[in-house]
$ cat my_file.pdb   # PDB, C-alpha atoms
ATOM      1  CA  MET F   1     -40.988   7.442   2.016
ATOM      2  CA  ARG F   2     -39.222   4.146   1.345
ATOM      3  CA  ASN F   3     -40.036   0.903   3.120
ATOM      4  CA  CYS F   4     -38.076   0.363   6.325
ATOM      5  CA  THR F   5     -37.545  -3.017   7.981
ATOM      6  CA  PRO F   6     -36.660  -2.262  11.614
ATOM      7  CA  VAL F   7     -33.330  -3.568  12.872
ATOM      8  CA  THR F   8     -33.763  -6.071  15.725
ATOM      9  CA  GLU F   9     -30.086  -6.475  16.615
ATOM     10  CA  PHE F  10     -26.756  -4.767  16.076
ATOM     11  CA  PHE F  11     -23.301  -6.161  15.315
ATOM     12  CA  LEU F  12     -20.523  -4.786  17.537
ATOM     13  CA  MET F  13     -17.371  -4.385  15.443
ATOM     14  CA  GLY F  14     -15.125  -4.062  18.513
ATOM     15  CA  LEU F  15     -11.873  -2.147  18.776
ATOM     16  CA  PRO F  16     -10.514  -1.143  15.347
ATOM     17  CA  HIS F  17      -7.013  -2.272  14.265
ATOM     18  CA  THR F  18      -6.754  -4.956  16.987
ATOM     19  CA  ALA F  19      -7.072  -8.114  14.865
ATOM     20  CA  GLY F  20      -4.971 -10.922  16.358
ATOM     21  CA  LEU F  21      -4.732  -9.218  19.754
ATOM     22  CA  GLU F  22      -7.982 -10.611  21.177
ATOM     23  CA  LYS F  23      -6.342 -12.816  23.820
ATOM     24  CA  VAL F  24      -3.998 -10.075  25.021
ATOM     25  CA  LEU F  25      -6.851  -7.570  25.213
ATOM     26  CA  PHE F  26      -9.044 -10.073  27.047
ATOM     27  CA  VAL F  27      -6.379 -10.663  29.724
ATOM     28  CA  LEU F  28      -5.743  -6.925  30.181
ATOM     29  CA  LEU F  29      -9.434  -6.005  30.351
ATOM     30  CA  LEU F  30     -10.216  -8.883  32.707
ATOM     31  CA  ALA F  31      -7.337  -7.834  34.988
ATOM     32  CA  PHE F  32      -8.580  -4.227  35.181
ATOM     33  CA  TYR F  33     -12.182  -5.370  35.659
ATOM     34  CA  LEU F  34     -11.195  -7.714  38.499
ATOM     35  CA  LEU F  35      -9.220  -4.879  40.102
ATOM     36  CA  THR F  36     -12.151  -2.487  39.817
ATOM     37  CA  LEU F  37     -14.821  -4.559  41.566
ATOM     38  CA  PRO F  38     -12.986  -5.610  44.784
ATOM     39  CA  GLY F  39     -11.126  -2.289  44.999
ATOM     40  CA  ASN F  40     -14.291  -0.207  45.022
ATOM     41  CA  LEU F  41     -16.145  -2.730  47.196
ATOM     42  CA  LEU F  42     -13.370  -2.471  49.807
ATOM     43  CA  ILE F  43     -13.565   1.330  49.766
ATOM     44  CA  LEU F  44     -17.348   1.138  50.192
ATOM     45  CA  LEU F  45     -17.098  -1.397  53.036
ATOM     46  CA  ALA F  46     -14.433   0.684  54.783
ATOM     47  CA  ILE F  47     -16.678   3.765  54.659
ATOM     48  CA  LEU F  48     -19.767   1.877  55.852
ATOM     49  CA  THR F  49     -18.043   0.095  58.750
ATOM     50  CA  SER F  50     -15.786   2.901  60.040
ATOM     51  CA  SER F  51     -17.609   5.500  62.133
ATOM     52  CA  ASN F  52     -14.795   8.047  61.686
ATOM     53  CA  LEU F  53     -15.475   7.986  57.918
ATOM     54  CA  HIS F  54     -19.140   8.926  58.328
ATOM     55  CA  THR F  55     -18.545  12.453  57.049
ATOM     56  CA  PRO F  56     -19.759  14.272  53.904
ATOM     57  CA  MET F  57     -16.464  13.747  52.079
ATOM     58  CA  TYR F  58     -16.560   9.977  52.528
ATOM     59  CA  PHE F  59     -20.310   9.804  51.964
ATOM     60  CA  PHE F  60     -19.742  11.132  48.441
ATOM     61  CA  LEU F  61     -16.682   8.911  48.007
ATOM     62  CA  GLY F  62     -18.941   5.957  48.819
ATOM     63  CA  ASN F  63     -21.334   7.089  46.081
ATOM     64  CA  LEU F  64     -18.371   7.316  43.691
ATOM     65  CA  SER F  65     -17.371   3.743  44.566
ATOM     66  CA  VAL F  66     -20.896   2.542  43.756
ATOM     67  CA  LEU F  67     -20.683   4.296  40.371
ATOM     68  CA  ASP F  68     -17.259   2.799  39.670
ATOM     69  CA  ILE F  69     -18.593  -0.697  40.400
ATOM     70  CA  PHE F  70     -21.442  -0.389  37.904
ATOM     71  CA  PHE F  71     -19.892   1.870  35.237
ATOM     72  CA  PRO F  72     -17.411  -0.667  33.775
ATOM     73  CA  SER F  73     -20.123  -3.345  33.951
ATOM     74  CA  VAL F  74     -22.119  -1.523  31.243
ATOM     75  CA  SER F  75     -19.789  -2.595  28.426
ATOM     76  CA  SER F  76     -16.948  -4.757  29.795
ATOM     77  CA  PRO F  77     -18.710  -8.161  30.150
ATOM     78  CA  LYS F  78     -20.082  -8.038  26.585
ATOM     79  CA  MET F  79     -16.747  -6.907  25.198
ATOM     80  CA  MET F  80     -14.841  -9.691  26.991
ATOM     81  CA  LEU F  81     -17.366 -12.249  25.714
ATOM     82  CA  TYR F  82     -16.752 -11.447  22.064
ATOM     83  CA  LEU F  83     -12.977 -11.250  22.636
ATOM     84  CA  THR F  84     -13.207 -14.925  23.607
ATOM     85  CA  GLY F  85     -14.970 -15.759  20.319
ATOM     86  CA  HIS F  86     -18.604 -15.452  21.354
ATOM     87  CA  SER F  87     -21.247 -13.639  19.313
ATOM     88  CA  HIS F  88     -20.689  -9.977  18.495
ATOM     89  CA  THR F  89     -24.411  -9.283  18.245
ATOM     90  CA  ILE F  90     -26.446  -7.271  20.729
ATOM     91  CA  SER F  91     -30.221  -6.897  20.706
ATOM     92  CA  TYR F  92     -31.954  -3.594  19.976
ATOM     93  CA  GLN F  93     -33.133  -3.418  23.608
ATOM     94  CA  GLY F  94     -29.662  -4.332  24.883
ATOM     95  CA  CYS F  95     -28.118  -1.577  22.793
ATOM     96  CA  ALA F  96     -30.614   0.971  24.144
ATOM     97  CA  SER F  97     -29.888  -0.219  27.700
ATOM     98  CA  GLN F  98     -26.140   0.172  27.185
ATOM     99  CA  LEU F  99     -26.536   3.733  25.940
ATOM    100  CA  PHE F 100     -28.912   4.661  28.779
ATOM    101  CA  PHE F 101     -26.783   3.260  31.608
ATOM    102  CA  TYR F 102     -23.553   4.575  30.110
ATOM    103  CA  HIS F 103     -24.870   8.152  30.106
ATOM    104  CA  PHE F 104     -26.797   7.710  33.359
ATOM    105  CA  LEU F 105     -23.710   6.572  35.287
ATOM    106  CA  GLY F 106     -21.349   8.898  33.406
ATOM    107  CA  CYS F 107     -23.525  11.947  34.099
ATOM    108  CA  ALA F 108     -23.938  10.908  37.749
ATOM    109  CA  GLU F 109     -20.144  10.762  38.058
ATOM    110  CA  CYS F 110     -19.871  14.212  36.463
ATOM    111  CA  PHE F 111     -22.396  15.657  38.945
ATOM    112  CA  LEU F 112     -20.744  13.828  41.836
ATOM    113  CA  TYR F 113     -17.302  15.282  41.112
ATOM    114  CA  THR F 114     -18.926  18.730  41.145
ATOM    115  CA  VAL F 115     -20.560  18.068  44.514
ATOM    116  CA  MET F 116     -17.280  16.697  45.911
ATOM    117  CA  ALA F 117     -15.475  19.861  44.777
ATOM    118  CA  TYR F 118     -18.092  21.970  46.567
ATOM    119  CA  ASP F 119     -17.619  19.834  49.679
ATOM    120  CA  ARG F 120     -13.849  20.520  49.653
ATOM    121  CA  PHE F 121     -14.562  24.223  49.056
ATOM    122  CA  ALA F 122     -16.829  24.329  52.126
ATOM    123  CA  ALA F 123     -14.321  22.388  54.260
ATOM    124  CA  ILE F 124     -11.283  24.540  53.391
ATOM    125  CA  CYS F 125     -12.796  27.968  52.782
ATOM    126  CA  HIS F 126     -15.484  27.857  55.507
ATOM    127  CA  PRO F 127     -14.226  25.373  58.129
ATOM    128  CA  LEU F 128     -16.215  26.875  61.030
ATOM    129  CA  ARG F 129     -19.499  26.636  59.128
ATOM    130  CA  TYR F 130     -18.707  23.344  57.410
ATOM    131  CA  THR F 131     -21.030  21.146  59.483
ATOM    132  CA  VAL F 132     -23.903  23.585  58.862
ATOM    133  CA  ILE F 133     -23.223  23.975  55.121
ATOM    134  CA  MET F 134     -22.791  20.218  54.562
ATOM    135  CA  SER F 135     -25.421  18.893  56.948
ATOM    136  CA  SER F 136     -26.804  15.361  56.589
ATOM    137  CA  TRP F 137     -29.932  16.705  54.903
ATOM    138  CA  VAL F 138     -27.898  18.751  52.399
ATOM    139  CA  CYS F 139     -25.662  15.767  51.578
ATOM    140  CA  ALA F 140     -28.648  13.455  51.080
ATOM    141  CA  SER F 141     -30.407  16.061  48.898
ATOM    142  CA  MET F 142     -27.295  16.490  46.741
ATOM    143  CA  ALA F 143     -26.936  12.725  46.316
ATOM    144  CA  VAL F 144     -30.609  12.286  45.349
ATOM    145  CA  ALA F 145     -30.399  15.243  42.925
ATOM    146  CA  THR F 146     -27.273  13.708  41.371
ATOM    147  CA  TRP F 147     -28.940  10.357  40.697
ATOM    148  CA  MET F 148     -32.295  11.797  39.589
ATOM    149  CA  GLY F 149     -30.756  14.457  37.344
ATOM    150  CA  SER F 150     -28.542  11.848  35.693
ATOM    151  CA  CYS F 151     -31.530   9.585  35.085
ATOM    152  CA  LEU F 152     -33.384  12.449  33.365
ATOM    153  CA  HIS F 153     -30.308  13.316  31.277
ATOM    154  CA  ALA F 154     -29.839   9.716  30.102
ATOM    155  CA  SER F 155     -33.573   9.251  29.454
ATOM    156  CA  VAL F 156     -33.680  12.269  27.107
ATOM    157  CA  LEU F 157     -30.626  11.092  25.156
ATOM    158  CA  THR F 158     -31.842   7.500  24.873
ATOM    159  CA  PHE F 159     -35.295   8.618  23.723
ATOM    160  CA  LEU F 160     -33.832  10.893  21.034
ATOM    161  CA  ILE F 161     -31.417   8.274  19.695
ATOM    162  CA  PHE F 162     -33.803   5.317  19.655
ATOM    163  CA  LYS F 163     -36.786   7.315  18.437
ATOM    164  CA  LEU F 164     -34.959   7.352  15.087
ATOM    165  CA  PRO F 165     -35.658   4.503  12.635
ATOM    166  CA  TYR F 166     -32.888   1.917  12.126
ATOM    167  CA  CYS F 167     -33.248  -0.055   8.881
ATOM    168  CA  GLY F 168     -29.660  -1.131   8.298
ATOM    169  CA  PRO F 169     -26.723  -1.308   8.153
ATOM    170  CA  ASN F 170     -26.508  -2.584  11.720
ATOM    171  CA  GLU F 171     -22.732  -2.627  12.253
ATOM    172  CA  VAL F 172     -21.766  -0.559  15.317
ATOM    173  CA  ASP F 173     -18.228   0.727  14.800
ATOM    174  CA  ASN F 174     -17.277   0.308  18.453
ATOM    175  CA  PHE F 175     -17.302  -2.206  21.311
ATOM    176  CA  PHE F 176     -20.559  -0.849  22.762
ATOM    177  CA  CYS F 177     -23.519   1.344  21.790
ATOM    178  CA  ASP F 178     -22.967   5.088  22.176
ATOM    179  CA  ILE F 179     -24.271   8.236  20.493
ATOM    180  CA  PRO F 180     -21.376   8.922  18.043
ATOM    181  CA  VAL F 181     -21.592   5.410  16.545
ATOM    182  CA  MET F 182     -25.391   5.025  16.604
ATOM    183  CA  LEU F 183     -26.371   8.221  14.767
ATOM    184  CA  PRO F 184     -24.682   7.250  11.445
ATOM    185  CA  LEU F 185     -26.772   4.050  11.401
ATOM    186  CA  ALA F 186     -30.136   5.861  11.597
ATOM    187  CA  CYS F 187     -32.301   6.014   8.472
ATOM    188  CA  GLY F 188     -34.054   9.274   9.371
ATOM    189  CA  ASP F 189     -32.956  12.874   9.857
ATOM    190  CA  THR F 190     -30.489  12.962  12.772
ATOM    191  CA  TYR F 191     -30.095  16.748  12.994
ATOM    192  CA  VAL F 192     -32.299  17.221  16.088
ATOM    193  CA  ALA F 193     -30.877  14.205  17.906
ATOM    194  CA  GLN F 194     -27.306  15.192  17.042
ATOM    195  CA  THR F 195     -27.765  18.832  18.040
ATOM    196  CA  VAL F 196     -29.604  18.130  21.308
ATOM    197  CA  SER F 197     -27.144  15.368  22.245
ATOM    198  CA  PHE F 198     -24.126  17.588  21.593
ATOM    199  CA  ILE F 199     -25.637  20.497  23.536
ATOM    200  CA  ASN F 200     -26.883  18.256  26.350
ATOM    201  CA  VAL F 201     -23.628  16.374  26.895
ATOM    202  CA  GLY F 202     -21.506  19.464  26.253
ATOM    203  CA  LEU F 203     -23.579  21.702  28.514
ATOM    204  CA  VAL F 204     -23.566  19.239  31.425
ATOM    205  CA  ALA F 205     -19.815  18.693  31.138
ATOM    206  CA  LEU F 206     -19.054  22.401  30.698
ATOM    207  CA  VAL F 207     -21.241  23.658  33.562
ATOM    208  CA  CYS F 208     -19.897  20.993  35.933
ATOM    209  CA  PHE F 209     -16.321  21.754  34.908
ATOM    210  CA  LEU F 210     -16.797  25.507  35.448
ATOM    211  CA  LEU F 211     -18.313  24.892  38.884
ATOM    212  CA  ILE F 212     -15.394  22.610  39.792
ATOM    213  CA  LEU F 213     -12.934  25.230  38.501
ATOM    214  CA  THR F 214     -14.657  27.918  40.583
ATOM    215  CA  SER F 215     -14.518  25.769  43.725
ATOM    216  CA  TYR F 216     -10.841  24.950  43.236
ATOM    217  CA  SER F 217      -9.940  28.570  42.465
ATOM    218  CA  HIS F 218     -11.329  29.577  45.862
ATOM    219  CA  ILE F 219      -9.616  26.565  47.484
ATOM    220  CA  VAL F 220      -6.195  27.481  46.061
ATOM    221  CA  ILE F 221      -6.591  31.120  47.179
ATOM    222  CA  SER F 222      -7.549  29.991  50.705
ATOM    223  CA  ILE F 223      -4.660  27.498  50.906
ATOM    224  CA  LEU F 224      -2.106  30.119  49.828
ATOM    225  CA  LYS F 225      -3.297  32.291  52.724
ATOM    226  CA  ILE F 226      -2.324  29.585  55.233
ATOM    227  CA  ARG F 227       0.910  30.659  56.884
ATOM    228  CA  SER F 228       2.397  27.309  57.913
ATOM    229  CA  SER F 229       3.871  25.085  55.203
ATOM    230  CA  GLU F 230       2.541  21.994  57.015
ATOM    231  CA  GLY F 231      -0.985  23.416  56.942
ATOM    232  CA  ARG F 232      -0.714  24.153  53.229
ATOM    233  CA  ARG F 233       0.644  20.668  52.559
ATOM    234  CA  ARG F 234      -2.206  18.990  54.432
ATOM    235  CA  ALA F 235      -4.819  21.137  52.691
ATOM    236  CA  PHE F 236      -3.406  20.348  49.249
ATOM    237  CA  SER F 237      -3.189  16.655  50.178
ATOM    238  CA  THR F 238      -6.931  16.456  50.916
ATOM    239  CA  CYS F 239      -7.725  17.817  47.431
ATOM    240  CA  SER F 240      -5.049  16.129  45.307
ATOM    241  CA  ALA F 241      -6.826  12.768  45.000
ATOM    242  CA  HIS F 242     -10.090  14.377  43.944
ATOM    243  CA  PHE F 243      -8.346  16.659  41.437
ATOM    244  CA  THR F 244      -6.490  13.677  39.902
ATOM    245  CA  SER F 245      -9.781  11.793  39.451
ATOM    246  CA  ILE F 246     -11.338  14.855  37.787
ATOM    247  CA  LEU F 247      -8.522  15.027  35.235
ATOM    248  CA  LEU F 248      -8.864  11.315  34.453
ATOM    249  CA  PHE F 249     -12.636  11.707  34.024
ATOM    250  CA  TYR F 250     -12.816  14.924  31.983
ATOM    251  CA  GLY F 251      -9.967  14.117  29.596
ATOM    252  CA  PRO F 252     -11.876  11.318  27.791
ATOM    253  CA  VAL F 253     -15.148  13.322  27.807
ATOM    254  CA  VAL F 254     -13.491  16.204  25.945
ATOM    255  CA  LEU F 255     -11.700  13.912  23.487
ATOM    256  CA  ILE F 256     -14.824  11.908  22.583
ATOM    257  CA  TYR F 257     -17.752  14.330  22.636
ATOM    258  CA  LEU F 258     -16.376  17.836  22.194
ATOM    259  CA  ARG F 259     -14.051  17.376  19.211
ATOM    260  CA  PRO F 260     -15.237  18.693  15.818
ATOM    261  CA  ALA F 261     -13.840  15.645  13.947
ATOM    262  CA  SER F 262     -14.291  12.030  15.009
ATOM    263  CA  SER F 263     -11.643   9.295  14.941
ATOM    264  CA  PRO F 264     -13.131   5.801  15.547
ATOM    265  CA  TRP F 265      -9.814   4.310  16.692
ATOM    266  CA  LEU F 266      -9.026   7.157  19.118
ATOM    267  CA  ASP F 267     -12.614   7.207  20.413
ATOM    268  CA  SER F 268     -12.503   3.462  21.120
ATOM    269  CA  VAL F 269      -9.151   3.600  22.923
ATOM    270  CA  VAL F 270     -10.196   6.597  25.025
ATOM    271  CA  GLN F 271     -13.505   4.945  25.921
ATOM    272  CA  VAL F 272     -11.696   1.776  27.047
ATOM    273  CA  LEU F 273      -9.581   3.945  29.352
ATOM    274  CA  ASN F 274     -12.651   5.815  30.592
ATOM    275  CA  ASN F 275     -14.867   2.728  31.029
ATOM    276  CA  ILE F 276     -12.426   0.276  32.572
ATOM    277  CA  VAL F 277      -9.043   1.760  33.515
ATOM    278  CA  THR F 278     -10.165   4.922  35.366
ATOM    279  CA  PRO F 279     -12.656   3.128  37.700
ATOM    280  CA  SER F 280      -9.892   0.687  38.668
ATOM    281  CA  LEU F 281      -7.504   3.557  39.518
ATOM    282  CA  ASN F 282      -9.887   5.531  41.765
ATOM    283  CA  PRO F 283      -9.512   3.168  44.781
ATOM    284  CA  LEU F 284      -5.725   3.511  44.512
ATOM    285  CA  ILE F 285      -5.893   7.289  44.119
ATOM    286  CA  TYR F 286      -8.105   7.766  47.176
ATOM    287  CA  SER F 287      -6.410   5.190  49.421
ATOM    288  CA  LEU F 288      -2.721   5.877  48.762
ATOM    289  CA  ARG F 289      -2.972   9.570  49.685
ATOM    290  CA  ASN F 290      -5.437   9.202  52.569
ATOM    291  CA  LYS F 291      -4.349   7.829  55.947
ATOM    292  CA  GLU F 292      -7.913   7.483  57.276
ATOM    293  CA  VAL F 293      -8.952   5.333  54.322
ATOM    294  CA  LYS F 294      -5.794   3.206  54.600
ATOM    295  CA  VAL F 295      -6.439   2.552  58.299
ATOM    296  CA  ALA F 296     -10.090   1.677  57.602
ATOM    297  CA  LEU F 297      -9.080  -0.654  54.750
ATOM    298  CA  ARG F 298      -6.554  -2.454  56.981
ATOM    299  CA  ARG F 299      -9.284  -2.917  59.579
ATOM    300  CA  VAL F 300     -11.719  -4.331  57.007
ATOM    301  CA  LEU F 301      -9.079  -6.705  55.585
ATOM    302  CA  THR F 302      -7.977  -7.816  59.057
ATOM    303  CA  GLN F 303     -11.568  -8.518  60.096
ATOM    304  CA  GLY F 304     -12.170 -10.399  56.852
ATOM    305  CA  MET F 305      -9.087 -12.570  57.308
ATOM    306  CA  HIS F 306      -9.983 -13.203  60.948
ATOM    307  CA  THR F 307     -13.529 -14.247  59.960
ATOM    308  CA  ALA F 308     -12.191 -16.515  57.192
ATOM    309  CA  GLY F 309      -9.749 -18.102  59.656
ATOM    310  CA  GLU F 310     -12.571 -19.003  62.012
TER
END

$ encode --input "my_file.pdb" --output "structure tokens"
Amino acid sequence: MRNCTPVTEFFLMGLPHTAGLEKVLFVLLLAFYLLTLPGNLLILLAILTSSNLHTPMYFFLGNLSVLDIFFPSVSSPKMMLYLTGHSHTISYQGCASQLFFYHFLGCAECFLYTVMAYDRFAAICHPLRYTVIMSSWVCASMAVATWMGSCLHASVLTFLIFKLPYCGPNEVDNFFCDIPVMLPLACGDTYVAQTVSFINVGLVALVCFLLILTSYSHIVISILKIRSSEGRRRAFSTCSAHFTSILLFYGPVVLIYLRPASSPWLDSVVQVLNNIVTPSLNPLIYSLRNKEVKVALRRVLTQGMHTAGE
């Protein structure tokens, strides 16, 4: 056993192959970040203040808005700070916190998309029993299970990664701390941490994806049985926004965690899209295709302008 001086801070290398583009990247990231926060806050306010949106579908959409407010905040502020010339260093505790909250919020979003798919399955395939299947107690239980299960998932991963000794080097080949870039920096044997992390992340993503696929298979079969074209159009319209969000969420997960070979540049670009761009698009996806949300948003904005005018 050789002597090991524990690392107390890490150096974030940032996005590879972007030298000289710091100002452009800062403006773009700040624009997306500023779109994300008010966009999701407006969706959340519209759901809370509109009684006609107090349904299971919008209850889970409200949870998604909360996730999309916090998810980009895990890495974006630190990244924008060093793009403006501030320190690239992050403390050991800060790095562990980033990894925990990234996987906590990411896993919660994965679980939430699965629950939302089940909600649409119940609404379209069993409309007469929908209020019984998705009762208030069931919705609350699903939401609590989503948050608690995600916390457990992230706690296991964080414990495994930061149980390893880190003696140096301390250069993180990314703009934030995540499993693929932290494991190569460990001084000890990473086999257990790497195997459990791959299985854990892969299993959660795979099981959730299969459940979503099962729900949507039944939904498509039920919609095709609807005789009127207007009825089919309306049924597809209620699911299209959710399905679009699923594609935007699962694409980066597959590219980053389930590929046999790693590409630092591709991983960084995909994670920027996943961390910042996708959360800013969700409010647009769910509001542009949904008349109820658009009406509620107009009401919230009108009330806000009226209050400001007084």

$ atom_distance --input "my_file.pdb" --atom1 "atom CA of F:Gln93" --atom2 "atom CA of F:Pro169"
16.9 Å

$ closest_residue --input "my_file.pdb" --among "F:Thr84, F:Thr89, F:Ser135, F:Thr36" --to "F:Pro279" --atoms "all atoms listed in the file"
F:Thr36

$ residues_near_point --input "my_file.pdb" --point "(-30.8, 5.7, 22.8)" --cutoff "12 Å" --atoms "all atoms listed in the file" --output "MDAnalysis selection string"
chainID F and resid 92:104 153:166 177:183 186 193:194 197

$ resolve_selection --input "my_file.pdb" --expression "the PyMOL selection byres ((chain F and resi 237) around 12)" --output "count of residues only"
25

$ resolve_selection --input "my_file.pdb" --expression "the PyMOL selection byres ((chain F and resi 80-83) around 9)" --output "list of chain:residue names"
F:Leu12, F:Gly14, F:Leu21, F:Glu22, F:Lys23, F:Leu25, F:Phe26, F:Val27, F:Leu29, F:Leu30, F:Ser75, F:Ser76, F:Pro77, F:Lys78, F:Met79, F:Thr84, F:Gly85, F:His86, F:Ser87, F:His88, F:Thr89

$ atom_distance --input "my_file.pdb" --atom1 "atom CA of F:Phe198" --atom2 "atom CA of F:Tyr250"
15.6 Å

$ residues_around --input "my_file.pdb" --residues "F:Ala123" --least-positions-apart "6" --cutoff "12 Å" --atoms "all atoms listed in the file" --output "list in words"
Thr55, Pro56, Met57, Met116, Ala117, Arg129, Tyr130, Thr131, Val132, Ile133, Met134, Ser135, Ser215, Tyr216, His218, Ile219, Ser222, Ile223, Ala235, Thr238 and Cys239 of chain F

$ build_atoms --input "my_file.pdb" --residues "stretch 163-170 of chain F" --atoms "all heavy atoms" --output "mmCIF file, keeping the file's coordinate frame"
data_model
loop_
_atom_site.group_PDB
_atom_site.id
_atom_site.type_symbol
_atom_site.label_atom_id
_atom_site.label_comp_id
_atom_site.auth_asym_id
_atom_site.auth_seq_id
_atom_site.Cartn_x
_atom_site.Cartn_y
_atom_site.Cartn_z
ATOM 1 N N LYS F 163 -35.555 6.900 19.110
ATOM 2 C CA LYS F 163 -36.786 7.315 18.437
ATOM 3 C C LYS F 163 -36.574 7.295 16.921
ATOM 4 O O LYS F 163 -37.523 7.190 16.146
ATOM 5 C CB LYS F 163 -37.168 8.721 18.915
ATOM 6 C CG LYS F 163 -38.447 9.292 18.306
ATOM 7 C CD LYS F 163 -38.743 10.644 18.924
ATOM 8 C CE LYS F 163 -39.952 11.301 18.267
ATOM 9 N NZ LYS F 163 -39.649 11.780 16.897
ATOM 10 N N LEU F 164 -35.303 7.383 16.507
ATOM 11 C CA LEU F 164 -34.959 7.352 15.087
ATOM 12 C C LEU F 164 -35.159 5.946 14.525
ATOM 13 O O LEU F 164 -34.978 4.953 15.232
ATOM 14 C CB LEU F 164 -33.490 7.765 14.902
ATOM 15 C CG LEU F 164 -33.125 9.201 15.298
ATOM 16 C CD1 LEU F 164 -31.618 9.357 15.342
ATOM 17 C CD2 LEU F 164 -33.732 10.190 14.309
ATOM 18 N N PRO F 165 -35.517 5.837 13.243
ATOM 19 C CA PRO F 165 -35.658 4.503 12.635
ATOM 20 C C PRO F 165 -34.290 3.923 12.267
ATOM 21 O O PRO F 165 -33.402 4.642 11.801
ATOM 22 C CB PRO F 165 -36.484 4.792 11.376
ATOM 23 C CG PRO F 165 -36.167 6.208 11.025
ATOM 24 C CD PRO F 165 -35.905 6.929 12.321
ATOM 25 N N TYR F 166 -34.121 2.621 12.497
ATOM 26 C CA TYR F 166 -32.888 1.917 12.126
ATOM 27 C C TYR F 166 -33.266 0.777 11.180
ATOM 28 O O TYR F 166 -33.921 -0.186 11.569
ATOM 29 C CB TYR F 166 -32.176 1.382 13.371
ATOM 30 C CG TYR F 166 -31.594 2.474 14.230
ATOM 31 C CD1 TYR F 166 -32.339 3.043 15.260
ATOM 32 C CD2 TYR F 166 -30.315 2.968 14.003
ATOM 33 C CE1 TYR F 166 -31.825 4.075 16.035
ATOM 34 C CE2 TYR F 166 -29.788 3.996 14.767
ATOM 35 C CZ TYR F 166 -30.546 4.544 15.783
ATOM 36 O OH TYR F 166 -30.034 5.569 16.551
ATOM 37 N N CYS F 167 -32.873 0.913 9.917
ATOM 38 C CA CYS F 167 -33.248 -0.055 8.881
ATOM 39 C C CYS F 167 -32.043 -0.856 8.387
ATOM 40 O O CYS F 167 -32.198 -1.769 7.579
ATOM 41 C CB CYS F 167 -33.871 0.656 7.684
ATOM 42 S SG CYS F 167 -34.991 1.990 8.117
ATOM 43 N N GLY F 168 -30.879 -0.504 8.786
ATOM 44 C CA GLY F 168 -29.660 -1.131 8.298
ATOM 45 C C GLY F 168 -28.830 -0.099 7.547
ATOM 46 O O GLY F 168 -29.395 0.848 6.997
ATOM 47 N N PRO F 169 -27.496 -0.218 7.554
ATOM 48 C CA PRO F 169 -26.723 -1.308 8.153
ATOM 49 C C PRO F 169 -26.811 -1.324 9.676
ATOM 50 O O PRO F 169 -27.223 -0.337 10.287
ATOM 51 C CB PRO F 169 -25.288 -1.007 7.693
ATOM 52 C CG PRO F 169 -25.275 0.483 7.526
ATOM 53 C CD PRO F 169 -26.635 0.843 7.005
ATOM 54 N N ASN F 170 -26.405 -2.442 10.264
ATOM 55 C CA ASN F 170 -26.508 -2.584 11.720
ATOM 56 C C ASN F 170 -25.159 -2.833 12.374
ATOM 57 O O ASN F 170 -25.078 -3.405 13.460
ATOM 58 C CB ASN F 170 -27.479 -3.722 12.067
ATOM 59 C CG ASN F 170 -26.955 -5.077 11.609
ATOM 60 O OD1 ASN F 170 -26.076 -5.145 10.739
ATOM 61 N ND2 ASN F 170 -27.492 -6.152 12.170
#
